[in-house]
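These notes concern the structure reproduced below.
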Amino acid sequence: MSDRTVVWEHDDAGKKLGLREQKKRRMRRLLSDTATELFVERGFDAVQVAEIARACGVSEKTVFNYFPSKEALLLDRGDVTSAGLQRALEDQTAPASAVVAAMLDGELGRLTAWIDAQPDPREAYRKTARFGDLIAETASLRAHQREQLDTLVVQASGLLARRYGYADDDPEPRIAAVALIGLVEIQALALRRELALGTPTARLRAAVACDVSRASTVVAAVEGRLGAR
């Protein structure tokens with residue numbers, strides 16, 4: 001695991017990648033890690049994309065070949081979350097609310113494990129807290145995050161419609177999807193709160209999971225209506 005940022009799972013985790021794909025992954029990670037460190041230390045608006053490119057020894061055009069926007073350099077987990085959501089909702093052996101809550105808890109576990117594994121866990125904790133604050137205080141990052149969540153709602157709505165036999169444009173799976181993806185926001189809000197309180201990582205995961213669990217019972221009730229018609 002990197003000592004710079006958390007390594008998140010991909011939809012092809014465990015598969016053998018070709019040299020070209022490995023090289024692309026390393027460059028993408030270098031760009032995102034470098035940008036994140038600069039943003040966290042100096043603020044999002046104070047750092048230019050050209051500066052990130054120079055720090056990585058590439059051109060500004062190369063940065064945009066990997067990321068469509070400056071905001072995407074920081075909020076770069078959209079594809080990972082989407083792939084995880086796809087896998088979670090294709091598993092029809094458990095309620096969608098339960099499998100998504102489990103998926104989120106797994107991500108939180110990787111985050112807390114990364115913090116504890118760092119040479120200076122207190123500094124890693126501070127940077128993690130600052131990451132959330134950075135998003136909250138930057139309008140363009142909030143807008144980008146909102147777009148990502150809206151995309152997940154569309155994806156979840158289609159998956160729920162197929163699971164329960166609805167048309168893609170029926171309102172029932174759409175409102176259930178809004179509630180389901182709301183779990184992502186609940187976890188983010190709870191994590192930011194606990195980080196601000198300085199909750200030790202040994203208790204942080206349980207505290208955040210408690211909020212997600214409470215919210216998931218509401219989502220489960222909404223989902224239950226889908227299969228009750």
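FYI, nothing fancy with the structure tokens labels: chains A, B, ... in order, residues from 1 per chain, ligands from 1 as they appear.
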Any chance you could tabulate, as a Markdown table, the residues of region 34-87 of chain A at most 12 Å from region 180-187 of chain A with each one's nearest atom pair and distance in Å to one decimal, using only C-alpha atoms, in chain and rising number order?
```
| residue | atom | partner | partner_atom | distance |
| --- | --- | --- | --- | --- |
| A:Gly78 | CA | A:Val184 | CA | 11.9 |
| A:Thr81 | CA | A:Val184 | CA | 9.7 |
| A:Ser82 | CA | A:Ile181 | CA | 10.9 |
| A:Leu85 | CA | A:Ile181 | CA | 9.4 |
```
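The nearest approach to Thr128 (chain A) among the residues A:Ser97, A:Thr201, A:Thr217, A:Ser140, with only C-alpha atoms taken into account, belongs to A:Thr201.
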What are the closest atom pairs, with distances in Å to one decimal, for each residue of region 46-128 of chain A lying within 12 Å of region 164-175 of chain A, using only C-alpha atoms, rows by chain and rising residue number, as a Markdown table?
```
| residue | atom | partner | partner_atom | distance |
| --- | --- | --- | --- | --- |
| A:Leu89 | CA | A:Tyr164 | CA | 11.5 |
| A:Glu90 | CA | A:Tyr164 | CA | 11.9 |
| A:Gln92 | CA | A:Tyr164 | CA | 10.2 |
| A:Pro95 | CA | A:Tyr164 | CA | 11.4 |
| A:Ala96 | CA | A:Tyr164 | CA | 11.3 |
```
Those same residues, written as a short mmCIF file (atom, residue, chain, number, x, y, z; two decimals), in the first residue's frame with N, CA and C atoms?
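The resulting file, out-v7.cif, is shown below:
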```cif
data_model
loop_
_atom_site.label_atom_id
_atom_site.label_comp_id
_atom_site.auth_asym_id
_atom_site.auth_seq_id
_atom_site.Cartn_x
_atom_site.Cartn_y
_atom_site.Cartn_z
N LEU A 89 -24.87 -4.54 -6.64
CA LEU A 89 -26.28 -4.65 -7.01
C LEU A 89 -26.56 -5.84 -7.92
N GLU A 90 -25.51 -6.42 -8.49
CA GLU A 90 -25.72 -7.65 -9.26
C GLU A 90 -25.87 -8.86 -8.33
N GLN A 92 -27.88 -10.56 -5.94
CA GLN A 92 -29.28 -10.49 -5.53
C GLN A 92 -29.60 -11.40 -4.35
N PRO A 95 -30.36 -7.73 0.34
CA PRO A 95 -30.90 -6.42 -0.03
C PRO A 95 -29.79 -5.49 -0.50
N ALA A 96 -30.12 -4.65 -1.48
CA ALA A 96 -29.12 -3.72 -2.01
C ALA A 96 -28.56 -2.82 -0.91
#
```
| message | I need the residues in region 22-169 of chain A that are alpha helix (DSSP H) according to DSSP; give them as a PyMOL selection string. | response | chain A and resi 22-42+49-56+60-66+70-74+78-90+96-117+121-137+139-164
Near-Arg214 (chain A) list (12 Å; only C-alpha atoms; drop same-chain fewer than 3 positions) as a PyMOL selection string
chain A and resi 97-98+101+183+186-187+190+207-211+217-221
I'd like the neighbourhood of Leu38 (chain A) as a list in words, where a residue qualifies if any of its atoms comes within 12 Å (using only C-alpha atoms), though same-chain residues fewer than 5 positions away should be ignored.
Arg4, Leu31, Ser32, Asp33, Gly43, Phe44, Asp45, Ala46, Val47, Gln48, Val49, Glu51, Ile52, Ala53, Ala55, Cys56, Leu73, Leu74, Lys127, Arg130, Phe131 and Leu134 of chain A
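Each of A:Leu17, A:Val80, A:Ile115, A:Ala179 was compared to Leu204 (chain A) using only C-alpha atoms, and A:Ile115 turns out to be the nearest.
Among the candidates A:Ala196, A:Leu111, A:Leu160, A:Ala129, the one nearest to Asp91 (chain A) when counting only C-alpha atoms is A:Leu160.
Between CA of Asp120 (chain A) and CA of Val40 (chain A) lies a distance of 16.4 Å.
All residues of protein, DNA or RNA that reach within 6 Å of Ala177 (chain A), judged by only C-alpha atoms and not counting those fewer than 5 positions away in the chain, are Val153, Ala156 and Ser157 of chain A.
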For Thr138 (chain A), the closest of A:Glu71, A:Glu194, A:Asp116, A:Asp79 counting only C-alpha atoms is A:Glu71
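Distances from A:Thr36, A:Glu41, A:Ala113, A:Arg29 to Ala202 (chain A) were compared using only C-alpha atoms, and the smallest one belongs to A:Ala113.
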